[in-house]
Amino acid sequence: MIKLSIVIPVYNVEKYLAKCLDSVIYPGLDAYEVIIVNDGSTDDSGVIAEDYCRRFPSLFRLIETENGGLGSARNVGMEAAAGEFIIFLDSDDWLCENAVPEMLALLEQADFDICIYGILSASENGAVLDDVRSCPIEGPLSLSRFPQLLFCPPSGCNKLCRRSLFIESGLRFPSRVWYEDLCTMPKLYLMTDRIISTHRQWYIYLQRSGSIINSANYRRNLEITDALDELIRYYKARGQYEKYKNEFEYLAFYNCFITACVRVSLAEPGSPVLDRLRDYFLQQFPAYKENPYISKAPFKYRLLSCLIRRRRYSAVKAIMELNNRAKHK
């Protein structure tokens, strides 16, 4: 019986793919499969994937599709999967040593629908840049008991999920958009209260200059507003938005007003995208200063928000450049 399916969408990552695929190979370990979805790659990614399928035919399965973007490729792999549980692994990232055996052991030991686990970020030379605890607490939790669950990174890559949550609900990732995780993964929290968190670090995220999130296409940061609108609509349609209104306001504050604005400021402090991000947040959440989470946010966030509100984007860039240099010393 296949207990776990690992879905790996692939698009033009010939430089990184072998390391990713090597990280999921455990000869002699049963009960899991790896589905590679080649999303119309134009480099040698498909050739590399085919080679792994030939060498490990009982483990890897390759699906070829026309290019549809990350969300579409994930959906294809999810629908083809045979596992009771599923994880998504981006093809330029990799899993930590012993991650797969530990995941399978946890599936035997615990009864849950979603497990949130830790992430490490690393540079292209392999240096660990950051240790991200995806959730501040360990053990059983649910959205109703721990609303701050909405503050955990919404990534599809730090969650071990029961596949039926997607299949039976019809929930899928949107195609060809940024922030597909933000408008998708938090919806799962309304589907089950059988959620657990572990500080085990099973995933390594590669920070590289050519990745989607570091792309020079700064305008696409505006898509975070669509993702937030979609997520809020979903919760409103189920009568749950008012219950978590403070959490959603902080979610928008951190992801849109701070993170997206900082990202664009660092790249192009004169971009009109900044005013649009700023105006969206201030129009949607005019009383944000009264939010209990925001009033207790770290001083750095409150300082940045003050500068963004006043359109001091060059100052935001200067502060963050100093911060980044200090962090990497």
# chains A, B, ... in the order shown; residues from 1 in each chain; ligands from 1
$ closest_atom_pairs --of "segment 209-257 of chain A" --to "segment 147-160 of chain A" --cutoff "12 Å" --atoms "only C-alpha atoms" --output "JSON lines"
{"residue": "A:Ala227", "atom": "CA", "partner": "A:Pro154", "partner_atom": "CA", "distance": 11.4}
{"residue": "A:Leu228", "atom": "CA", "partner": "A:Pro154", "partner_atom": "CA", "distance": 11.7}
{"residue": "A:Leu231", "atom": "CA", "partner": "A:Leu150", "partner_atom": "CA", "distance": 11.1}
{"residue": "A:Ile232", "atom": "CA", "partner": "A:Leu150", "partner_atom": "CA", "distance": 11.9}
{"residue": "A:Tyr235", "atom": "CA", "partner": "A:Leu150", "partner_atom": "CA", "distance": 12.0}
{"residue": "A:Gln240", "atom": "CA", "partner": "A:Pro147", "partner_atom": "CA", "distance": 11.5}
{"residue": "A:Tyr241", "atom": "CA", "partner": "A:Pro147", "partner_atom": "CA", "distance": 11.6}
{"residue": "A:Lys243", "atom": "CA", "partner": "A:Pro147", "partner_atom": "CA", "distance": 9.2}
{"residue": "A:Tyr244", "atom": "CA", "partner": "A:Pro147", "partner_atom": "CA", "distance": 6.9}
{"residue": "A:Lys245", "atom": "CA", "partner": "A:Pro147", "partner_atom": "CA", "distance": 10.1}
{"residue": "A:Asn246", "atom": "CA", "partner": "A:Pro147", "partner_atom": "CA", "distance": 9.4}
{"residue": "A:Glu247", "atom": "CA", "partner": "A:Leu150", "partner_atom": "CA", "distance": 6.6}
{"residue": "A:Phe248", "atom": "CA", "partner": "A:Leu150", "partner_atom": "CA", "distance": 7.5}
{"residue": "A:Glu249", "atom": "CA", "partner": "A:Leu150", "partner_atom": "CA", "distance": 10.5}
{"residue": "A:Tyr250", "atom": "CA", "partner": "A:Phe151", "partner_atom": "CA", "distance": 7.9}
{"residue": "A:Leu251", "atom": "CA", "partner": "A:Phe151", "partner_atom": "CA", "distance": 6.2}
{"residue": "A:Ala252", "atom": "CA", "partner": "A:Phe151", "partner_atom": "CA", "distance": 9.9}
{"residue": "A:Phe253", "atom": "CA", "partner": "A:Phe151", "partner_atom": "CA", "distance": 10.7}
{"residue": "A:Tyr254", "atom": "CA", "partner": "A:Phe151", "partner_atom": "CA", "distance": 8.8}
{"residue": "A:Asn255", "atom": "CA", "partner": "A:Phe151", "partner_atom": "CA", "distance": 9.6}
$ write_last_selection --atoms "C-alpha atoms" --output "PDB file, in the first residue's frame"
ATOM      1  CA  ALA A 227      -4.581  35.792  -3.342  1.00  0.00           C
ATOM      2  CA  LEU A 228      -5.688  37.608  -0.191  1.00  0.00           C
ATOM      3  CA  LEU A 231      -8.749  33.556   0.690  1.00  0.00           C
ATOM      4  CA  ILE A 232     -10.983  36.083   2.434  1.00  0.00           C
ATOM      5  CA  TYR A 235     -13.687  32.182   4.625  1.00  0.00           C
ATOM      6  CA  GLN A 240     -15.707  32.085   9.253  1.00  0.00           C
ATOM      7  CA  TYR A 241     -14.138  35.413   8.331  1.00  0.00           C
ATOM      8  CA  LYS A 243     -14.146  34.901  13.675  1.00  0.00           C
ATOM      9  CA  TYR A 244     -10.620  35.266  12.317  1.00  0.00           C
ATOM     10  CA  LYS A 245     -10.723  38.893  11.170  1.00  0.00           C
ATOM     11  CA  ASN A 246      -7.806  39.985  13.369  1.00  0.00           C
ATOM     12  CA  GLU A 247      -5.693  37.115  12.094  1.00  0.00           C
ATOM     13  CA  PHE A 248      -6.493  37.941   8.464  1.00  0.00           C
ATOM     14  CA  GLU A 249      -5.637  41.583   9.021  1.00  0.00           C
ATOM     15  CA  TYR A 250      -2.230  40.630  10.420  1.00  0.00           C
ATOM     16  CA  LEU A 251      -1.776  38.100   7.602  1.00  0.00           C
ATOM     17  CA  ALA A 252      -2.306  40.910   5.077  1.00  0.00           C
ATOM     18  CA  PHE A 253      -0.136  43.303   7.107  1.00  0.00           C
ATOM     19  CA  TYR A 254       2.817  40.927   7.164  1.00  0.00           C
ATOM     20  CA  ASN A 255       2.565  39.436   3.668  1.00  0.00           C
TER      21      ASN A 255
END
$ residues_around --residues "Tyr26 of chain A" --least-positions-apart "2" --cutoff "9 Å" --atoms "only C-alpha atoms" --output "PyMOL selection string"
chain A and resi 22-24+28-30+98+100-101
$ atom_distance --atom1 "atom CA of Asp275 of chain A" --atom2 "atom CA of Ala315 of chain A"
14.8 Å
$ residues_around --residues "segment 60-66 of chain A" --least-positions-apart "4" --cutoff "9 Å" --atoms "only C-alpha atoms" --output "ChimeraX atom specification"
/A:33-41,46,49-50,52-56,73,76-77,80
$ residues_around --residues "segment 294-304 of chain A" --least-positions-apart "3" --cutoff "10 Å" --atoms "only C-alpha atoms" --output "list in words"
Asn246, Glu247, Glu249, Tyr250, Leu251, Phe253, Tyr254, Phe257, Ile258, Thr259, Cys261, Val262, Tyr288, Lys289, Glu290, Asn291, Leu307, Ile308, Arg309, Arg310, Arg312, Tyr313, Ala315, Val316, Lys317, Ile319, Met320 and Asn323 of chain A
$ select_by_dssp --residues "segment 85-152 of chain A" --states "helix (DSSP H, G or I)" --output "JSON, numbers by chain"
{"A": [99, 100, 101, 102, 103, 104, 105, 106, 107, 108, 109, 147, 148, 149, 150, 151]}
$ closest_residue --among "A:Arg238, A:Ile204, A:Ala82, A:Leu104" --to "Ser123 of chain A" --atoms "only C-alpha atoms"
A:Ile204
$ residues_around --residues "Cys161 of chain A" --least-positions-apart "5" --cutoff "6 Å" --atoms "only C-alpha atoms" --output "ChimeraX atom specification"
/A:85-86,113-114
$ select_by_dssp --residues "segment 26-267 of chain A" --states "strand (DSSP E or B)" --output "number ranges by chain"
A: 32-39, 60-65, 85-88, 94-95, 114-122, 128-132, 139-141, 159-162, 195-206
$ residues_around --residues "Arg194 of chain A" --least-positions-apart "3" --cutoff "8 Å" --atoms "only C-alpha atoms" --output "list in words"
Asp111, Phe112, Asp113, Ile114, Pro140, Leu141 and Ser142 of chain A
$ residues_around --residues "Pro174 of chain A" --least-positions-apart "2" --cutoff "8 Å" --atoms "only C-alpha atoms" --output "mmCIF file with all heavy atoms, in the first residue's frame"
data_model
loop_
_atom_site.group_PDB
_atom_site.id
_atom_site.type_symbol
_atom_site.label_atom_id
_atom_site.label_comp_id
_atom_site.auth_asym_id
_atom_site.auth_seq_id
_atom_site.Cartn_x
_atom_site.Cartn_y
_atom_site.Cartn_z
ATOM 1 N N GLY A 71 1.231 25.595 -10.152
ATOM 2 C CA GLY A 71 -0.034 25.129 -9.606
ATOM 3 C C GLY A 71 -0.647 24.015 -10.431
ATOM 4 O O GLY A 71 -1.105 23.002 -9.901
ATOM 5 N N SER A 72 -0.634 24.188 -11.738
ATOM 6 C CA SER A 72 -1.194 23.181 -12.629
ATOM 7 C C SER A 72 -0.432 21.858 -12.516
ATOM 8 O O SER A 72 -1.030 20.778 -12.474
ATOM 9 C CB SER A 72 -1.150 23.688 -14.074
ATOM 10 O OG SER A 72 -1.579 22.693 -14.977
ATOM 11 N N ARG A 172 -7.968 22.925 -5.516
ATOM 12 C CA ARG A 172 -6.816 22.817 -6.400
ATOM 13 C C ARG A 172 -6.027 24.123 -6.363
ATOM 14 O O ARG A 172 -6.543 25.164 -5.975
ATOM 15 C CB ARG A 172 -7.247 22.523 -7.846
ATOM 16 C CG ARG A 172 -8.001 21.202 -8.039
ATOM 17 C CD ARG A 172 -7.116 20.003 -7.775
ATOM 18 N NE ARG A 172 -7.793 18.759 -8.106
ATOM 19 C CZ ARG A 172 -8.568 18.073 -7.266
ATOM 20 N NH1 ARG A 172 -8.781 18.531 -6.026
ATOM 21 N NH2 ARG A 172 -9.140 16.944 -7.645
ATOM 22 N N ARG A 176 -0.645 29.442 -13.189
ATOM 23 C CA ARG A 176 0.025 30.617 -13.743
ATOM 24 C C ARG A 176 -0.151 31.870 -12.894
ATOM 25 O O ARG A 176 -0.371 32.966 -13.419
ATOM 26 C CB ARG A 176 -0.460 30.880 -15.175
ATOM 27 C CG ARG A 176 -0.172 29.733 -16.133
ATOM 28 C CD ARG A 176 -0.474 30.128 -17.566
ATOM 29 N NE ARG A 176 -0.307 29.022 -18.486
ATOM 30 C CZ ARG A 176 0.871 28.590 -18.948
ATOM 31 N NH1 ARG A 176 1.983 29.184 -18.566
ATOM 32 N NH2 ARG A 176 0.932 27.580 -19.795
ATOM 33 N N VAL A 177 -0.107 31.715 -11.614
ATOM 34 C CA VAL A 177 -0.163 32.883 -10.731
ATOM 35 C C VAL A 177 0.950 32.776 -9.703
ATOM 36 O O VAL A 177 1.478 31.704 -9.433
ATOM 37 C CB VAL A 177 -1.524 32.996 -9.997
ATOM 38 C CG1 VAL A 177 -2.663 33.115 -10.989
ATOM 39 C CG2 VAL A 177 -1.748 31.819 -9.055
ATOM 40 N N GLU A 180 0.227 31.174 -5.206
ATOM 41 C CA GLU A 180 -0.766 30.106 -5.284
ATOM 42 C C GLU A 180 -0.918 29.374 -3.954
ATOM 43 O O GLU A 180 -1.996 28.864 -3.631
ATOM 44 C CB GLU A 180 -0.436 29.107 -6.400
ATOM 45 C CG GLU A 180 0.856 28.319 -6.229
ATOM 46 C CD GLU A 180 2.081 29.094 -6.691
ATOM 47 O OE1 GLU A 180 2.159 29.425 -7.872
ATOM 48 O OE2 GLU A 180 2.950 29.364 -5.832
#
$ closest_residue --among "A:Ala81, A:Pro27, A:Pro136, A:Glu14" --to "Ile2 of chain A" --atoms "only C-alpha atoms"
A:Ala81
$ closest_residue --among "A:Leu171, A:Leu282, A:Cys135, A:Ala267" --to "Cys115 of chain A" --atoms "only C-alpha atoms"
A:Cys135
$ decode --residues "segment 24-90 of chain A" --atoms "C-alpha atoms" --output "PDB file, in the first residue's frame"
ATOM      1  CA  VAL A  24      14.000  11.139  -1.971  1.00  0.00           C
ATOM      2  CA  ILE A  25      15.752   7.840  -2.768  1.00  0.00           C
ATOM      3  CA  TYR A  26      15.801   5.229   0.017  1.00  0.00           C
ATOM      4  CA  PRO A  27      16.466   1.759  -1.436  1.00  0.00           C
ATOM      5  CA  GLY A  28      14.530  -0.909   0.393  1.00  0.00           C
ATOM      6  CA  LEU A  29      12.022   1.539   1.852  1.00  0.00           C
ATOM      7  CA  ASP A  30       8.499   0.776   0.688  1.00  0.00           C
ATOM      8  CA  ALA A  31       5.134   2.517   1.001  1.00  0.00           C
ATOM      9  CA  TYR A  32       5.968   5.672  -0.934  1.00  0.00           C
ATOM     10  CA  GLU A  33       6.179   6.876  -4.517  1.00  0.00           C
ATOM     11  CA  VAL A  34       7.629   9.887  -6.318  1.00  0.00           C
ATOM     12  CA  ILE A  35       5.681  11.522  -9.128  1.00  0.00           C
ATOM     13  CA  ILE A  36       7.668  13.852 -11.381  1.00  0.00           C
ATOM     14  CA  VAL A  37       5.544  16.214 -13.465  1.00  0.00           C
ATOM     15  CA  ASN A  38       7.631  17.650 -16.293  1.00  0.00           C
ATOM     16  CA  ASP A  39       5.790  20.886 -16.983  1.00  0.00           C
ATOM     17  CA  GLY A  40       6.961  21.428 -20.550  1.00  0.00           C
ATOM     18  CA  SER A  41      10.657  21.920 -19.755  1.00  0.00           C
ATOM     19  CA  THR A  42      12.789  23.136 -22.659  1.00  0.00           C
ATOM     20  CA  ASP A  43      16.148  22.206 -21.113  1.00  0.00           C
ATOM     21  CA  ASP A  44      17.439  18.732 -20.158  1.00  0.00           C
ATOM     22  CA  SER A  45      15.205  18.385 -17.091  1.00  0.00           C
ATOM     23  CA  GLY A  46      13.051  15.809 -18.879  1.00  0.00           C
ATOM     24  CA  VAL A  47      16.107  13.759 -19.843  1.00  0.00           C
ATOM     25  CA  ILE A  48      17.311  13.750 -16.236  1.00  0.00           C
ATOM     26  CA  ALA A  49      13.873  12.713 -14.989  1.00  0.00           C
ATOM     27  CA  GLU A  50      13.697   9.873 -17.520  1.00  0.00           C
ATOM     28  CA  ASP A  51      17.105   8.624 -16.382  1.00  0.00           C
ATOM     29  CA  TYR A  52      15.933   8.400 -12.760  1.00  0.00           C
ATOM     30  CA  CYS A  53      12.788   6.581 -13.845  1.00  0.00           C
ATOM     31  CA  ARG A  54      14.899   4.029 -15.704  1.00  0.00           C
ATOM     32  CA  ARG A  55      17.239   3.538 -12.750  1.00  0.00           C
ATOM     33  CA  PHE A  56      14.497   3.384 -10.114  1.00  0.00           C
ATOM     34  CA  PRO A  57      11.378   2.185 -11.954  1.00  0.00           C
ATOM     35  CA  SER A  58       9.553   1.077  -8.804  1.00  0.00           C
ATOM     36  CA  LEU A  59       9.952   4.493  -7.179  1.00  0.00           C
ATOM     37  CA  PHE A  60       9.686   7.223  -9.811  1.00  0.00           C
ATOM     38  CA  ARG A  61       6.837   7.922 -12.183  1.00  0.00           C
ATOM     39  CA  LEU A  62       7.119  10.611 -14.870  1.00  0.00           C
ATOM     40  CA  ILE A  63       4.181  12.573 -16.267  1.00  0.00           C
ATOM     41  CA  GLU A  64       4.750  14.898 -19.227  1.00  0.00           C
ATOM     42  CA  THR A  65       2.503  17.944 -19.601  1.00  0.00           C
ATOM     43  CA  GLU A  66       2.399  21.156 -21.584  1.00  0.00           C
ATOM     44  CA  ASN A  67       3.599  24.114 -19.581  1.00  0.00           C
ATOM     45  CA  GLY A  68       0.859  25.224 -17.210  1.00  0.00           C
ATOM     46  CA  GLY A  69       2.797  26.611 -14.275  1.00  0.00           C
ATOM     47  CA  LEU A  70       3.564  25.324 -10.800  1.00  0.00           C
ATOM     48  CA  GLY A  71      -0.034  25.129  -9.606  1.00  0.00           C
ATOM     49  CA  SER A  72      -1.194  23.181 -12.629  1.00  0.00           C
ATOM     50  CA  ALA A  73       1.716  20.718 -12.365  1.00  0.00           C
ATOM     51  CA  ARG A  74       0.984  20.119  -8.684  1.00  0.00           C
ATOM     52  CA  ASN A  75      -2.647  19.416  -9.518  1.00  0.00           C
ATOM     53  CA  VAL A  76      -1.669  16.888 -12.191  1.00  0.00           C
ATOM     54  CA  GLY A  77       0.620  15.065  -9.775  1.00  0.00           C
ATOM     55  CA  MET A  78      -1.915  15.152  -6.955  1.00  0.00           C
ATOM     56  CA  GLU A  79      -4.648  13.686  -9.104  1.00  0.00           C
ATOM     57  CA  ALA A  80      -2.362  10.905 -10.352  1.00  0.00           C
ATOM     58  CA  ALA A  81      -1.026  10.045  -6.901  1.00  0.00           C
ATOM     59  CA  ALA A  82      -1.819   6.761  -5.193  1.00  0.00           C
ATOM     60  CA  GLY A  83      -0.674   7.711  -1.708  1.00  0.00           C
ATOM     61  CA  GLU A  84      -2.951   8.287   1.252  1.00  0.00           C
ATOM     62  CA  PHE A  85      -0.834  11.343   2.066  1.00  0.00           C
ATOM     63  CA  ILE A  86       0.945  13.805  -0.176  1.00  0.00           C
ATOM     64  CA  ILE A  87       3.767  16.335  -0.025  1.00  0.00           C
ATOM     65  CA  PHE A  88       4.890  18.834  -2.653  1.00  0.00           C
ATOM     66  CA  LEU A  89       8.612  19.202  -3.337  1.00  0.00           C
ATOM     67  CA  ASP A  90       9.782  21.991  -5.642  1.00  0.00           C
TER      68      ASP A  90
END
